[in-house]
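> See query_22.cif below, with mmCIF, C-alpha atoms and all ligand atoms.
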data_protein
loop_
_atom_site.label_atom_id
_atom_site.label_comp_id
_atom_site.auth_asym_id
_atom_site.auth_seq_id
_atom_site.Cartn_x
_atom_site.Cartn_y
_atom_site.Cartn_z
CA MET A 32 56.88 147.90 75.20
CA THR A 33 59.19 150.14 77.18
CA ILE A 34 62.91 150.74 77.45
CA LEU A 35 64.49 152.39 80.47
CA VAL A 36 67.55 154.58 80.03
CA THR A 37 69.68 156.09 82.76
CA GLY A 38 71.62 159.34 82.36
CA GLY A 39 69.26 160.49 79.61
CA ALA A 40 69.61 164.17 80.53
CA GLY A 41 73.35 164.14 79.77
CA PHE A 42 75.07 164.63 76.44
CA ILE A 43 74.87 161.19 74.79
CA GLY A 44 71.83 159.97 76.73
CA ALA A 45 69.73 163.00 75.71
CA ASN A 46 70.74 162.63 72.06
CA PHE A 47 69.74 158.97 72.34
CA VAL A 48 66.35 159.80 73.89
CA LEU A 49 65.58 162.49 71.29
CA ASP A 50 66.53 160.15 68.43
CA TRP A 51 64.54 157.30 69.98
CA VAL A 52 61.33 159.31 70.17
CA ALA A 53 61.87 160.51 66.59
CA GLN A 54 62.40 157.00 65.24
CA SER A 55 60.33 154.58 67.34
CA ASN A 56 56.87 154.34 68.85
CA GLU A 57 58.15 152.55 71.91
CA ARG A 58 57.96 154.29 75.31
CA ILE A 59 61.23 155.47 76.85
CA VAL A 60 61.62 156.02 80.59
CA ASN A 61 64.50 158.35 81.38
CA VAL A 62 66.08 158.13 84.84
CA ASP A 63 68.65 160.77 85.71
CA LYS A 64 70.01 162.19 88.97
CA LEU A 65 70.46 165.62 87.33
CA THR A 66 74.03 166.27 88.44
CA TYR A 67 75.73 169.39 87.04
CA ALA A 68 75.96 167.46 83.71
CA GLY A 69 72.25 166.64 83.46
CA ASN A 70 70.17 169.24 81.73
CA LEU A 71 66.41 169.23 81.30
CA HIS A 72 66.59 172.08 78.76
CA THR A 73 67.91 169.53 76.28
CA LEU A 74 64.73 167.49 76.75
CA ALA A 75 62.37 170.48 76.47
CA PRO A 76 61.02 169.31 73.06
CA LEU A 77 59.68 166.22 74.88
CA ALA A 78 57.78 168.05 77.63
CA ASN A 79 54.33 166.42 77.81
CA HIS A 80 55.30 163.88 75.14
CA THR A 81 53.38 160.70 75.99
CA GLN A 82 56.19 158.44 74.77
CA HIS A 83 58.78 159.89 77.19
CA ALA A 84 58.70 159.78 81.00
CA PHE A 85 61.39 161.56 83.00
CA VAL A 86 62.18 160.46 86.58
CA ARG A 87 64.79 162.11 88.78
CA ALA A 88 66.61 159.32 90.65
CA ASP A 89 70.07 158.01 91.48
CA ILE A 90 71.13 154.65 89.99
CA ALA A 91 72.82 153.93 93.33
CA ASP A 92 69.43 154.07 95.11
CA ARG A 93 68.26 150.43 95.12
CA GLY A 94 64.78 151.21 96.42
CA ALA A 95 64.18 153.80 93.68
CA MET A 96 65.52 151.47 90.97
CA ASP A 97 63.35 148.53 92.15
CA LYS A 98 60.29 150.75 92.24
CA LEU A 99 60.85 152.18 88.77
CA ILE A 100 61.58 148.84 87.17
CA ALA A 101 58.50 147.28 88.80
CA GLN A 102 56.36 150.21 87.66
CA TYR A 103 57.52 150.34 84.01
CA ARG A 104 58.52 146.69 83.42
CA PRO A 105 61.11 147.52 80.71
CA ARG A 106 62.18 145.05 78.04
CA ALA A 107 65.65 146.62 78.19
CA ILE A 108 67.79 148.91 80.34
CA VAL A 109 70.42 151.13 78.71
CA ASN A 110 72.89 152.58 81.19
CA PHE A 111 74.40 155.93 80.20
CA ALA A 112 74.52 157.34 83.75
CA ALA A 113 78.05 158.12 84.85
CA GLU A 114 80.44 160.74 86.02
CA SER A 115 82.20 161.27 82.70
CA HIS A 116 84.87 164.00 82.83
CA VAL A 117 88.49 162.86 83.25
CA ASP A 118 89.74 166.17 84.69
CA ARG A 119 87.02 166.16 87.35
CA SER A 120 87.97 162.58 88.25
CA ILE A 121 91.55 163.74 88.86
CA LEU A 122 90.45 166.56 91.18
CA GLY A 123 87.80 164.46 92.99
CA PRO A 124 87.46 160.73 92.28
CA GLY A 125 84.86 159.97 95.00
CA GLU A 126 81.75 160.63 92.90
CA PHE A 127 83.21 158.47 90.12
CA ILE A 128 83.56 155.50 92.45
CA GLN A 129 80.07 156.09 93.81
CA THR A 130 78.18 156.36 90.51
CA ASN A 131 80.33 154.41 88.08
CA ILE A 132 80.97 151.45 90.38
CA ILE A 133 78.44 151.39 93.25
CA GLY A 134 75.72 152.81 90.99
CA VAL A 135 76.29 150.19 88.27
CA PHE A 136 76.41 147.41 90.89
CA THR A 137 73.09 148.62 92.32
CA LEU A 138 71.46 148.85 88.91
CA LEU A 139 72.69 145.36 88.00
CA GLU A 140 71.23 143.95 91.22
CA ALA A 141 67.87 145.62 90.58
CA ALA A 142 67.87 144.42 86.95
CA LEU A 143 68.79 140.87 87.98
CA ALA A 144 66.03 140.63 90.60
CA TYR A 145 63.48 141.83 88.01
CA TRP A 146 64.84 139.61 85.22
CA LYS A 147 64.70 136.47 87.42
CA GLY A 148 60.99 137.07 88.03
CA LEU A 149 60.07 137.39 84.32
CA ASP A 150 58.27 134.69 82.35
CA ALA A 151 60.41 132.68 79.92
CA GLU A 152 59.68 134.74 76.80
CA PRO A 153 60.30 138.26 78.19
CA GLN A 154 63.23 136.85 80.15
CA ALA A 155 64.87 135.60 76.95
CA ALA A 156 64.26 138.93 75.21
CA PHE A 157 65.47 141.18 78.07
CA ARG A 158 68.74 143.14 77.61
CA PHE A 159 70.95 145.22 79.93
CA LEU A 160 73.14 147.43 77.73
CA HIS A 161 76.06 149.13 79.45
CA VAL A 162 77.56 152.15 77.66
CA SER A 163 81.30 152.28 78.24
CA THR A 164 84.40 153.91 76.82
CA ASP A 165 87.60 153.18 74.90
CA GLU A 166 89.54 154.74 77.80
CA VAL A 167 89.37 151.41 79.67
CA TYR A 168 92.02 150.10 77.24
CA GLY A 169 94.59 152.75 78.24
CA SER A 170 96.92 154.63 75.91
CA LEU A 171 98.27 153.51 72.52
CA ALA A 172 101.81 154.10 71.25
CA PRO A 173 102.07 155.92 67.90
CA GLY A 174 101.48 153.44 65.07
CA ALA A 175 100.20 150.65 67.37
CA PRO A 176 97.07 148.87 66.09
CA ALA A 177 93.73 150.33 67.20
CA PHE A 178 91.91 148.84 70.23
CA THR A 179 89.98 145.64 69.50
CA GLU A 180 87.50 144.10 71.96
CA ASN A 181 90.31 141.76 73.08
CA HIS A 182 92.72 144.52 74.07
CA ARG A 183 93.89 144.28 77.68
CA TYR A 184 92.20 146.62 80.15
CA GLU A 185 94.80 149.22 81.24
CA PRO A 186 92.84 152.21 82.60
CA ASN A 187 95.00 155.17 83.64
CA SER A 188 92.69 157.79 85.20
CA PRO A 189 90.25 157.52 88.10
CA TYR A 190 87.47 157.93 85.51
CA SER A 191 88.66 155.13 83.23
CA ALA A 192 89.44 152.87 86.20
CA SER A 193 85.88 153.33 87.50
CA LYS A 194 84.44 152.58 84.04
CA ALA A 195 86.70 149.51 83.76
CA ALA A 196 85.39 148.30 87.12
CA SER A 197 81.81 148.74 85.92
CA ASP A 198 82.54 146.77 82.72
CA HIS A 199 83.91 143.92 84.84
CA LEU A 200 80.80 143.92 87.04
CA VAL A 201 78.55 143.79 83.98
CA ARG A 202 80.58 140.90 82.56
CA ALA A 203 80.43 139.01 85.87
CA TRP A 204 76.64 139.45 86.21
CA HIS A 205 76.35 137.69 82.85
CA HIS A 206 78.80 134.87 83.49
CA THR A 207 77.68 134.17 87.05
CA TYR A 208 73.96 134.93 87.01
CA GLY A 209 73.10 134.73 83.30
CA LEU A 210 71.84 138.33 83.02
CA PRO A 211 71.69 139.09 79.25
CA VAL A 212 74.13 141.99 79.09
CA LEU A 213 75.72 143.90 76.22
CA THR A 214 78.67 146.28 76.62
CA THR A 215 79.72 148.97 74.17
CA ASN A 216 83.11 150.73 74.30
CA CYS A 217 83.05 153.94 72.32
CA SER A 218 85.59 156.57 71.37
CA ASN A 219 85.26 160.36 71.93
CA ASN A 220 81.85 161.73 70.99
CA TYR A 221 81.04 165.26 69.84
CA GLY A 222 77.91 167.02 68.62
CA PRO A 223 74.89 168.99 69.90
CA TYR A 224 74.22 169.31 73.66
CA HIS A 225 77.84 168.53 74.62
CA PHE A 226 78.64 170.01 78.04
CA PRO A 227 81.22 172.81 77.67
CA GLU A 228 83.77 171.28 80.05
CA LYS A 229 84.83 168.92 77.22
CA LEU A 230 87.35 169.88 74.51
CA ILE A 231 85.15 170.64 71.48
CA PRO A 232 82.31 172.67 73.06
CA LEU A 233 84.78 174.41 75.41
CA MET A 234 86.85 175.58 72.43
CA ILE A 235 83.82 176.76 70.43
CA LEU A 236 82.32 178.72 73.32
CA ASN A 237 85.64 180.15 74.58
CA ALA A 238 86.51 181.27 71.05
CA LEU A 239 83.19 183.08 70.61
CA ALA A 240 83.53 184.67 74.06
CA GLY A 241 87.00 186.02 73.17
CA LYS A 242 88.64 183.80 75.79
CA SER A 243 91.83 181.77 75.47
CA LEU A 244 91.72 178.24 73.98
CA PRO A 245 93.62 176.13 76.55
CA VAL A 246 95.45 173.26 74.83
CA TYR A 247 96.99 170.82 77.33
CA GLY A 248 100.71 170.12 76.91
CA ASP A 249 101.83 170.19 73.28
CA GLY A 250 98.37 169.34 71.86
CA GLN A 251 99.74 166.26 70.09
CA GLN A 252 97.52 163.77 71.95
CA ILE A 253 95.25 161.83 69.61
CA ARG A 254 91.56 161.05 70.03
CA ASP A 255 89.26 159.13 67.64
CA TRP A 256 86.15 161.28 67.15
CA LEU A 257 82.60 160.02 66.53
CA TYR A 258 79.54 162.18 65.89
CA VAL A 259 77.12 161.55 68.77
CA ARG A 260 74.16 160.52 66.59
CA ASP A 261 76.33 157.79 65.07
CA HIS A 262 77.01 156.53 68.59
CA CYS A 263 73.25 156.50 69.22
CA SER A 264 72.56 154.52 66.03
CA ALA A 265 75.26 152.01 67.04
CA ILE A 266 73.65 151.53 70.47
CA ARG A 267 70.22 151.00 68.88
CA ARG A 268 71.77 148.39 66.58
CA VAL A 269 73.55 146.56 69.43
CA LEU A 270 70.32 146.58 71.44
CA GLU A 271 68.48 145.11 68.49
CA ALA A 272 70.95 142.46 67.33
CA GLY A 273 73.91 142.21 69.74
CA VAL A 274 74.68 138.83 71.26
CA PRO A 275 74.30 138.74 75.08
CA GLY A 276 77.66 138.59 76.85
CA GLN A 277 79.46 140.25 73.92
CA THR A 278 81.23 143.61 73.85
CA TYR A 279 81.28 145.91 70.81
CA ASN A 280 83.79 148.66 70.09
CA ILE A 281 82.28 151.76 68.45
CA GLY A 282 84.36 154.40 66.68
CA GLY A 283 84.53 156.71 63.72
CA CYS A 284 88.00 156.06 62.28
CA ASN A 285 88.76 159.75 62.80
CA GLU A 286 92.07 160.02 64.61
CA LYS A 287 93.05 163.67 65.11
CA THR A 288 95.51 165.46 67.35
CA ASN A 289 93.92 167.90 69.79
CA LEU A 290 95.68 170.76 68.04
CA GLU A 291 94.22 169.70 64.66
CA VAL A 292 90.73 169.65 66.22
CA VAL A 293 91.16 173.10 67.75
CA ARG A 294 92.54 174.55 64.50
CA THR A 295 89.63 173.03 62.54
CA ILE A 296 87.14 174.65 64.93
CA CYS A 297 88.93 178.00 64.57
CA GLY A 298 88.79 177.70 60.78
CA LEU A 299 85.05 176.97 60.79
CA LEU A 300 84.40 179.89 63.14
CA ASP A 301 86.57 182.19 60.96
CA GLU A 302 84.32 181.20 58.05
CA ASN A 303 80.93 181.36 59.80
CA ALA A 304 81.32 183.92 62.60
CA PRO A 305 84.44 185.97 61.81
CA ARG A 306 86.07 188.01 64.55
CA ALA A 307 85.35 191.73 64.40
CA ASP A 308 89.08 192.51 64.08
CA GLY A 309 89.43 190.21 61.05
CA LYS A 310 92.02 188.02 62.82
CA SER A 311 91.73 184.23 63.13
CA TYR A 312 90.35 182.61 66.28
CA SER A 313 93.52 180.50 66.27
CA GLU A 314 95.27 183.57 67.76
CA GLN A 315 93.43 182.67 71.00
CA ILE A 316 95.17 179.27 71.31
CA THR A 317 97.32 179.01 74.44
CA PHE A 318 99.34 176.01 75.63
CA VAL A 319 98.66 175.22 79.30
CA LYS A 320 99.85 172.69 81.89
CA ASP A 321 99.27 169.11 80.76
CA ARG A 322 96.66 166.78 82.30
CA PRO A 323 98.34 164.46 84.87
CA GLY A 324 98.68 160.94 83.43
CA HIS A 325 97.39 162.21 80.08
CA ASP A 326 96.69 159.30 77.70
CA LYS A 327 98.59 159.94 74.46
CA ARG A 328 96.43 158.17 71.91
CA TYR A 329 93.10 156.37 71.56
CA ALA A 330 91.97 154.60 68.38
CA ILE A 331 89.09 152.18 67.95
CA ASP A 332 88.95 149.17 65.67
CA ALA A 333 85.21 149.05 64.93
CA SER A 334 85.38 146.16 62.48
CA LYS A 335 83.46 143.72 64.74
CA ILE A 336 80.30 145.83 64.92
CA GLU A 337 80.49 146.48 61.17
CA ARG A 338 81.07 142.81 60.31
CA GLU A 339 78.60 141.23 62.75
CA LEU A 340 75.87 143.88 63.02
CA GLY A 341 76.31 145.88 59.81
CA TRP A 342 76.80 149.23 61.59
CA LYS A 343 78.89 152.06 60.13
CA PRO A 344 79.00 155.77 61.02
CA ALA A 345 77.14 158.15 58.72
CA GLU A 346 79.29 161.23 59.39
CA THR A 347 82.91 161.94 58.60
CA PHE A 348 84.78 164.20 61.02
CA GLU A 349 84.61 167.01 58.46
CA SER A 350 80.80 166.82 58.10
CA GLY A 351 80.18 166.23 61.83
CA ILE A 352 82.37 169.05 63.12
CA ARG A 353 80.82 171.50 60.64
CA LYS A 354 77.32 170.54 61.88
CA THR A 355 78.48 170.83 65.48
CA VAL A 356 80.01 174.30 65.14
CA GLN A 357 76.87 175.45 63.34
CA TRP A 358 74.66 173.98 66.10
CA TYR A 359 76.51 175.99 68.78
CA LEU A 360 76.22 179.13 66.63
CA ASP A 361 72.48 178.53 66.21
CA ASN A 362 71.79 177.66 69.86
CA PRO A 363 73.56 180.19 72.10
CA GLY A 364 70.75 179.95 74.65
CA TRP A 365 71.40 176.29 75.39
CA ALA A 366 75.00 176.90 76.45
CA LYS A 367 74.04 179.98 78.43
CA ASP A 368 71.55 177.91 80.45
CA VAL A 369 73.98 175.10 81.33
CA ILE A 370 76.75 177.41 82.49
CA SER A 371 75.69 177.41 86.13
CA GLY A 372 77.49 178.59 89.27
CA ASP A 373 78.86 175.07 89.68
CA TYR A 374 80.32 175.23 86.18
CA ARG A 375 81.99 178.56 86.89
CA ASP A 376 83.54 177.14 90.10
CA TRP A 377 84.86 174.22 88.08
CA VAL A 378 86.48 176.44 85.42
CA HIS A 379 88.17 178.41 88.19
CA LYS A 380 89.56 175.22 89.83
CA GLN A 381 90.72 173.71 86.55
CA TYR A 382 92.09 176.69 84.65
CA GLY A 383 92.70 179.19 87.45
CA THR A 384 90.95 182.09 85.73
P1 LIG A 401 77.46 163.28 80.73
O1 LIG A 401 78.35 163.59 81.87
O2 LIG A 401 77.16 164.36 79.72
O3 LIG A 401 76.04 162.78 81.28
C1 LIG A 401 75.93 161.87 82.33
C2 LIG A 401 74.49 161.90 82.82
O4 LIG A 401 74.37 160.94 83.89
C3 LIG A 401 74.04 163.25 83.40
O5 LIG A 401 72.77 163.58 82.90
C4 LIG A 401 74.01 163.02 84.89
O6 LIG A 401 73.03 163.81 85.56
C5 LIG A 401 73.65 161.53 84.96
N1 LIG A 401 74.08 160.90 86.21
C6 LIG A 401 75.28 161.03 86.82
N2 LIG A 401 75.30 160.30 87.96
C7 LIG A 401 74.09 159.69 88.06
C8 LIG A 401 73.51 158.80 88.98
N3 LIG A 401 74.19 158.39 90.07
N4 LIG A 401 72.25 158.36 88.77
C9 LIG A 401 71.55 158.77 87.68
N5 LIG A 401 72.05 159.63 86.77
C10 LIG A 401 73.31 160.08 86.94
O7 LIG A 401 78.08 162.01 80.03
P2 LIG A 401 78.07 161.58 78.49
O8 LIG A 401 79.22 162.18 77.83
O9 LIG A 401 76.71 161.75 77.96
O10 LIG A 401 78.39 160.01 78.65
C11 LIG A 401 77.34 159.06 78.80
C12 LIG A 401 77.95 157.68 78.94
O11 LIG A 401 78.76 157.38 77.80
C13 LIG A 401 78.90 157.56 80.15
O12 LIG A 401 78.72 156.29 80.71
C14 LIG A 401 80.30 157.67 79.55
O13 LIG A 401 81.23 156.97 80.32
C15 LIG A 401 80.08 157.03 78.19
N6 LIG A 401 80.94 157.49 77.10
C16 LIG A 401 81.10 158.84 76.84
C17 LIG A 401 81.87 159.24 75.76
C18 LIG A 401 82.04 160.69 75.42
O14 LIG A 401 82.85 161.02 74.55
N7 LIG A 401 81.29 161.62 76.03
C19 LIG A 401 82.50 158.28 74.96
C20 LIG A 401 82.34 156.92 75.28
C21 LIG A 401 81.56 156.54 76.34
O1 LIG A 402 87.42 158.36 74.78
C1 LIG A 402 86.14 158.44 75.31
C2 LIG A 402 86.12 159.47 76.41
O2 LIG A 402 86.21 160.74 75.78
C3 LIG A 402 84.88 159.39 77.29
O3 LIG A 402 84.87 158.16 77.96
C4 LIG A 402 84.87 160.54 78.30
O4 LIG A 402 83.66 160.51 79.05
C5 LIG A 402 84.95 161.85 77.54
O5 LIG A 402 85.01 162.94 78.43
C6 LIG A 402 86.18 161.85 76.63
O6 LIG A 402 87.42 161.90 77.42
P1 LIG A 402 88.66 162.81 77.01
O7 LIG A 402 89.48 163.05 78.19
O8 LIG A 402 89.33 162.28 75.80
O9 LIG A 402 87.83 164.14 76.53
P2 LIG A 402 88.08 165.69 76.82
O10 LIG A 402 87.10 166.43 75.96
O11 LIG A 402 88.13 166.01 78.26
O12 LIG A 402 89.54 165.92 76.23
C7 LIG A 402 89.85 165.57 74.88
C8 LIG A 402 91.32 165.85 74.68
O13 LIG A 402 91.54 167.27 74.73
C9 LIG A 402 92.20 165.27 75.77
O14 LIG A 402 93.42 164.82 75.19
C10 LIG A 402 92.47 166.44 76.70
C11 LIG A 402 92.45 167.64 75.77
N1 LIG A 402 91.97 168.91 76.36
C12 LIG A 402 90.78 168.90 77.02
C13 LIG A 402 90.29 170.05 77.60
C14 LIG A 402 88.98 170.05 78.36
C15 LIG A 402 92.71 170.08 76.21
O15 LIG A 402 93.77 170.10 75.58
N2 LIG A 402 92.21 171.22 76.77
C16 LIG A 402 91.04 171.26 77.49
O16 LIG A 402 90.69 172.35 78.01
#
What does the file become when written as structure tokens?


Amino acid sequence: MTILVTGGAGFIGANFVLDWVAQSNERIVNVDKLTYAGNLHTLAPLANHTQHAFVRADIADRGAMDKLIAQYRPRAIVNFAAESHVDRSILGPGEFIQTNIIGVFTLLEAALAYWKGLDAEPQAAFRFLHVSTDEVYGSLAPGAPAFTENHRYEPNSPYSASKAASDHLVRAWHHTYGLPVLTTNCSNNYGPYHFPEKLIPLMILNALAGKSLPVYGDGQQIRDWLYVRDHCSAIRRVLEAGVPGQTYNIGGCNEKTNLEVVRTICGLLDENAPRADGKSYSEQITFVKDRPGHDKRYAIDASKIERELGWKPAETFESGIRKTVQWYLDNPGWAKDVISGDYRDWVHKQYGT
């Protein structure tokens, strides 16, 4: 048996692939375009591993997708591939439309053609799992109930609008053509191998490099944080027991303001890698121009996946963030390798220095 994942050289996809190989004997085929966010260093432990096959390809390339699916005949496809950074989507939405909408459409068409040709038993067992985000639901007012699966779609950024479009395509391919799809909408992830354009790894690495810690606006925006390996275990569970056509919200019940997150990181670094001058890393915090259209608050109601599939996160924010900070302290080489010329250009465009 084989599963095919897309975007498995990115942050969540690579964690999923590494966990999969550690926990299952089933082959995993990993298809990734290797954009700036895809990183083969993360997959180095799997070099020459017979259970893992890596293929560089674009999900928007129908010929490549047909060929791969025909070659590996997967029992499931898990789609992680996406352009994923909100700030990049504001500066240049084109790639987000191309991968997150056209790419998902192309992958659905390839999956559907393959699925239609399967015999009854593998056809009934086949799954197309689409990994999506809580950002499709928009922004919550303070005190408003957390997002359930029935919350209206109200995406506010080019990124979340492109993910919302992809969710609608996935839904339609089920209702119209019968493709057995599953959609997951998850809150903010953090953990090992997180690309340093995102809040948590950016703050850890900037702090250690003696750079400023750029908090957008007043830092009072709220995100609901989930340790990445908990997201991976939720996806495995949905793949195993989710009902085709259903969507499942995934979250950690860890609502924090951005400023709280940054201060927690500073505290852990003060404890584990104190500054030479004895001062706190929090002295490096600077308040910078806010993100345009910045969503104020996300919060996930994950009661459906707990009730129906028995999934719960293993980590609290306190345990997960401690592990994460320690991982970045223990793996300086990983971050050094991903900080390419492209990354440096991006930092210059976004932060001006
Ligand atoms: P990421 O940006 O770290 O990785 C994305 C991966 O997809 C990269 O390896 C990249 O090379 C690959 N990719 C991009 N375009 C491609 C294409 N056209 N064809 C094939 N591969 C392509 O993203 P991530 O944070 O790991 O997110 C993975 C998925 O999870 C995304 O769909 C994202 O929307 C969703 N998600 C992310 C979070 C989060 O907090 N990071 C939370 C909820 C949902
Ligand atoms: O909610 C799920 C989403 O979480 C995923 O779908 C996205 O792919 C993922 O990137 C993430 O989106 P966010 O925009 O919430 O994550 P980001 O790490 O970019 O920012 C988290 C918060 O921190 C957000 O309110 C903006 C703020 N921020 C971010 C950066 C990079 C800062 O204050 N300063 C920064 O330099």

> In Å, with one decimal, what is the gap from CA of Asn280 in chain A to CA of Ala91 in chain A?

26.2 Å

> Would you give the centre and edge lengths, in Å to one decimal, of a box along x, y and z around the listed atoms of ligand LIG 401 (chain A), with 6 Å added to each side, as JSON?


{"center_x": 77.2, "center_y": 160.3, "center_z": 82.3, "size_x": 23.3, "size_y": 20.1, "size_z": 27.5}

> Pick from A:His116, A:His205, A:Lys380, A:His182: nearest to ligand LIG 402 (chain A), with all atoms listed in the file counted?

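Counting all atoms listed in the file, the residue closest to ligand LIG 402 (chain A) is A:His116.
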
> Residues near Val62 in chain A, anyone? I mean within 10 Å using only C-alpha atoms, not counting same-chain ones fewer than 4 positions away, as a short mmCIF file (atom, residue, chain, number, x, y, z; two decimals) with C-alpha atoms, keeping the file's coordinate frame.


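result_6.cif was written with the following content:
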data_model
loop_
_atom_site.label_atom_id
_atom_site.label_comp_id
_atom_site.auth_asym_id
_atom_site.auth_seq_id
_atom_site.Cartn_x
_atom_site.Cartn_y
_atom_site.Cartn_z
CA LEU A 35 64.49 152.39 80.47
CA VAL A 36 67.55 154.58 80.03
CA THR A 37 69.68 156.09 82.76
CA GLY A 38 71.62 159.34 82.36
CA GLY A 39 69.26 160.49 79.61
CA ALA A 40 69.61 164.17 80.53
CA ALA A 84 58.70 159.78 81.00
CA PHE A 85 61.39 161.56 83.00
CA VAL A 86 62.18 160.46 86.58
CA ARG A 87 64.79 162.11 88.78
CA ALA A 88 66.61 159.32 90.65
CA ASP A 89 70.07 158.01 91.48
CA ILE A 90 71.13 154.65 89.99
CA MET A 96 65.52 151.47 90.97
CA LEU A 99 60.85 152.18 88.77
CA ASN A 110 72.89 152.58 81.19
CA PHE A 111 74.40 155.93 80.20
CA ALA A 112 74.52 157.34 83.75
#

> Which of these residues is nearest to Glu346 in chain A, using all atoms listed in the file: A:Tyr208, A:Tyr168, A:Tyr258, A:Trp365?

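Checking each candidate against Glu346 in chain A, we get A:Tyr258 as the closest.
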
> Give the residue list for ligand LIG 402 (chain A) at 6 Å, counting only C-alpha atoms and all ligand atoms, as a list in words, sorted by chain and then by residue number.

Ser115, His116, Val117, Thr164, Asp165, Glu166, Ser218, Asn219, Glu228, Lys229, Leu230, Pro245, Val246, Tyr247, Gly250, Gln252 and Asn289 of chain A

> When you count only C-alpha atoms, which of these residues is closest to Gly94 in chain A: A:Ala155, A:Leu49, A:Ile296, A:Leu138?

A:Leu138

> Using all atoms listed in the file, can you tell me which of A:Gly241, A:Gly282, A:Pro153, A:Gly148 comes closest to Asn220 in chain A?

A:Gly282

> Between A:Phe42, A:Tyr184, A:Trp51, A:Phe178, which residue has the minimum interatomic distance to Thr73 in chain A, considering only C-alpha atoms?

A:Phe42

> Extract, using only C-alpha atoms, all DNA, RNA and protein residues at most 7 Å from Arg58 in chain A, discarding same-chain residues fewer than 3 positions from it, and format them as a VMD selection string.

chain A and resid 32 to 34 82 to 83

> For C-alpha atoms, I'd like the residues from the last selection saved as a PDB file, in the coordinates of the input.


ATOM      1  CA  MET A  32      56.880 147.900  75.200  1.00  0.00           C
ATOM      2  CA  THR A  33      59.190 150.140  77.180  1.00  0.00           C
ATOM      3  CA  ILE A  34      62.910 150.740  77.450  1.00  0.00           C
ATOM      4  CA  GLN A  82      56.190 158.440  74.770  1.00  0.00           C
ATOM      5  CA  HIS A  83      58.780 159.890  77.190  1.00  0.00           C
TER       6      HIS A  83
END

> Pick the closest to ligand LIG 401 (chain A) from A:Ser191, A:Gln154, A:Ser170, A:Thr288: which is it, counting all atoms listed in the file?

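Among the listed residues, A:Ser191 lies closest to ligand LIG 401 (chain A).
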
> (84.5, 180.1, 59.3) in this file's frame - what residues fall within 12 Å of it? Use all atoms listed in the file and give the answer as an NGL selection string.

:A and (235 or 238-239 or 294-306 or 309-313 or 352-353 or 356-357 or 360)

> What's the separation between CA of Leu171 in chain A and CA of Tyr329 in chain A, in Å to one decimal place?

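If I compute the distance from CA of Leu171 in chain A to CA of Tyr329 in chain A, I get 6.0 Å.
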
> If I take CA of Ser163 in chain A and CA of Ser120 in chain A, how far is one from the other in Å, to one decimal?

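Calculated distance between CA of Ser163 in chain A and CA of Ser120 in chain A is 15.8 Å.
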
> Could you model N, CA and C atoms for range 185-196 of chain A and present them as a PDB file, in the frame of the given file?


ATOM      1  N   GLU A 185      93.675 148.510  80.579  1.00  0.00           N
ATOM      2  CA  GLU A 185      94.800 149.220  81.240  1.00  0.00           C
ATOM      3  C   GLU A 185      94.391 150.650  81.556  1.00  0.00           C
ATOM      4  N   PRO A 186      93.333 150.851  82.367  1.00  0.00           N
ATOM      5  CA  PRO A 186      92.840 152.210  82.600  1.00  0.00           C
ATOM      6  C   PRO A 186      93.868 153.036  83.384  1.00  0.00           C
ATOM      7  N   ASN A 187      93.955 154.315  83.041  1.00  0.00           N
ATOM      8  CA  ASN A 187      95.000 155.170  83.640  1.00  0.00           C
ATOM      9  C   ASN A 187      94.479 156.304  84.505  1.00  0.00           C
ATOM     10  N   SER A 188      93.204 156.665  84.391  1.00  0.00           N
ATOM     11  CA  SER A 188      92.690 157.790  85.200  1.00  0.00           C
ATOM     12  C   SER A 188      91.641 157.231  86.166  1.00  0.00           C
ATOM     13  N   PRO A 189      91.333 157.982  87.213  1.00  0.00           N
ATOM     14  CA  PRO A 189      90.250 157.520  88.100  1.00  0.00           C
ATOM     15  C   PRO A 189      88.953 157.279  87.323  1.00  0.00           C
ATOM     16  N   TYR A 190      88.671 158.139  86.332  1.00  0.00           N
ATOM     17  CA  TYR A 190      87.470 157.930  85.510  1.00  0.00           C
ATOM     18  C   TYR A 190      87.529 156.590  84.786  1.00  0.00           C
ATOM     19  N   SER A 191      88.623 156.354  84.042  1.00  0.00           N
ATOM     20  CA  SER A 191      88.660 155.130  83.230  1.00  0.00           C
ATOM     21  C   SER A 191      88.740 153.886  84.117  1.00  0.00           C
ATOM     22  N   ALA A 192      89.388 154.020  85.287  1.00  0.00           N
ATOM     23  CA  ALA A 192      89.440 152.870  86.200  1.00  0.00           C
ATOM     24  C   ALA A 192      88.043 152.546  86.728  1.00  0.00           C
ATOM     25  N   SER A 193      87.242 153.594  86.990  1.00  0.00           N
ATOM     26  CA  SER A 193      85.880 153.330  87.500  1.00  0.00           C
ATOM     27  C   SER A 193      85.005 152.735  86.390  1.00  0.00           C
ATOM     28  N   LYS A 194      85.214 153.168  85.147  1.00  0.00           N
ATOM     29  CA  LYS A 194      84.440 152.580  84.040  1.00  0.00           C
ATOM     30  C   LYS A 194      84.894 151.126  83.804  1.00  0.00           C
ATOM     31  N   ALA A 195      86.199 150.883  83.926  1.00  0.00           N
ATOM     32  CA  ALA A 195      86.700 149.510  83.760  1.00  0.00           C
ATOM     33  C   ALA A 195      86.069 148.596  84.810  1.00  0.00           C
ATOM     34  N   ALA A 196      85.999 149.104  86.049  1.00  0.00           N
ATOM     35  CA  ALA A 196      85.390 148.300  87.120  1.00  0.00           C
ATOM     36  C   ALA A 196      83.940 147.986  86.776  1.00  0.00           C
TER      37      ALA A 196
END
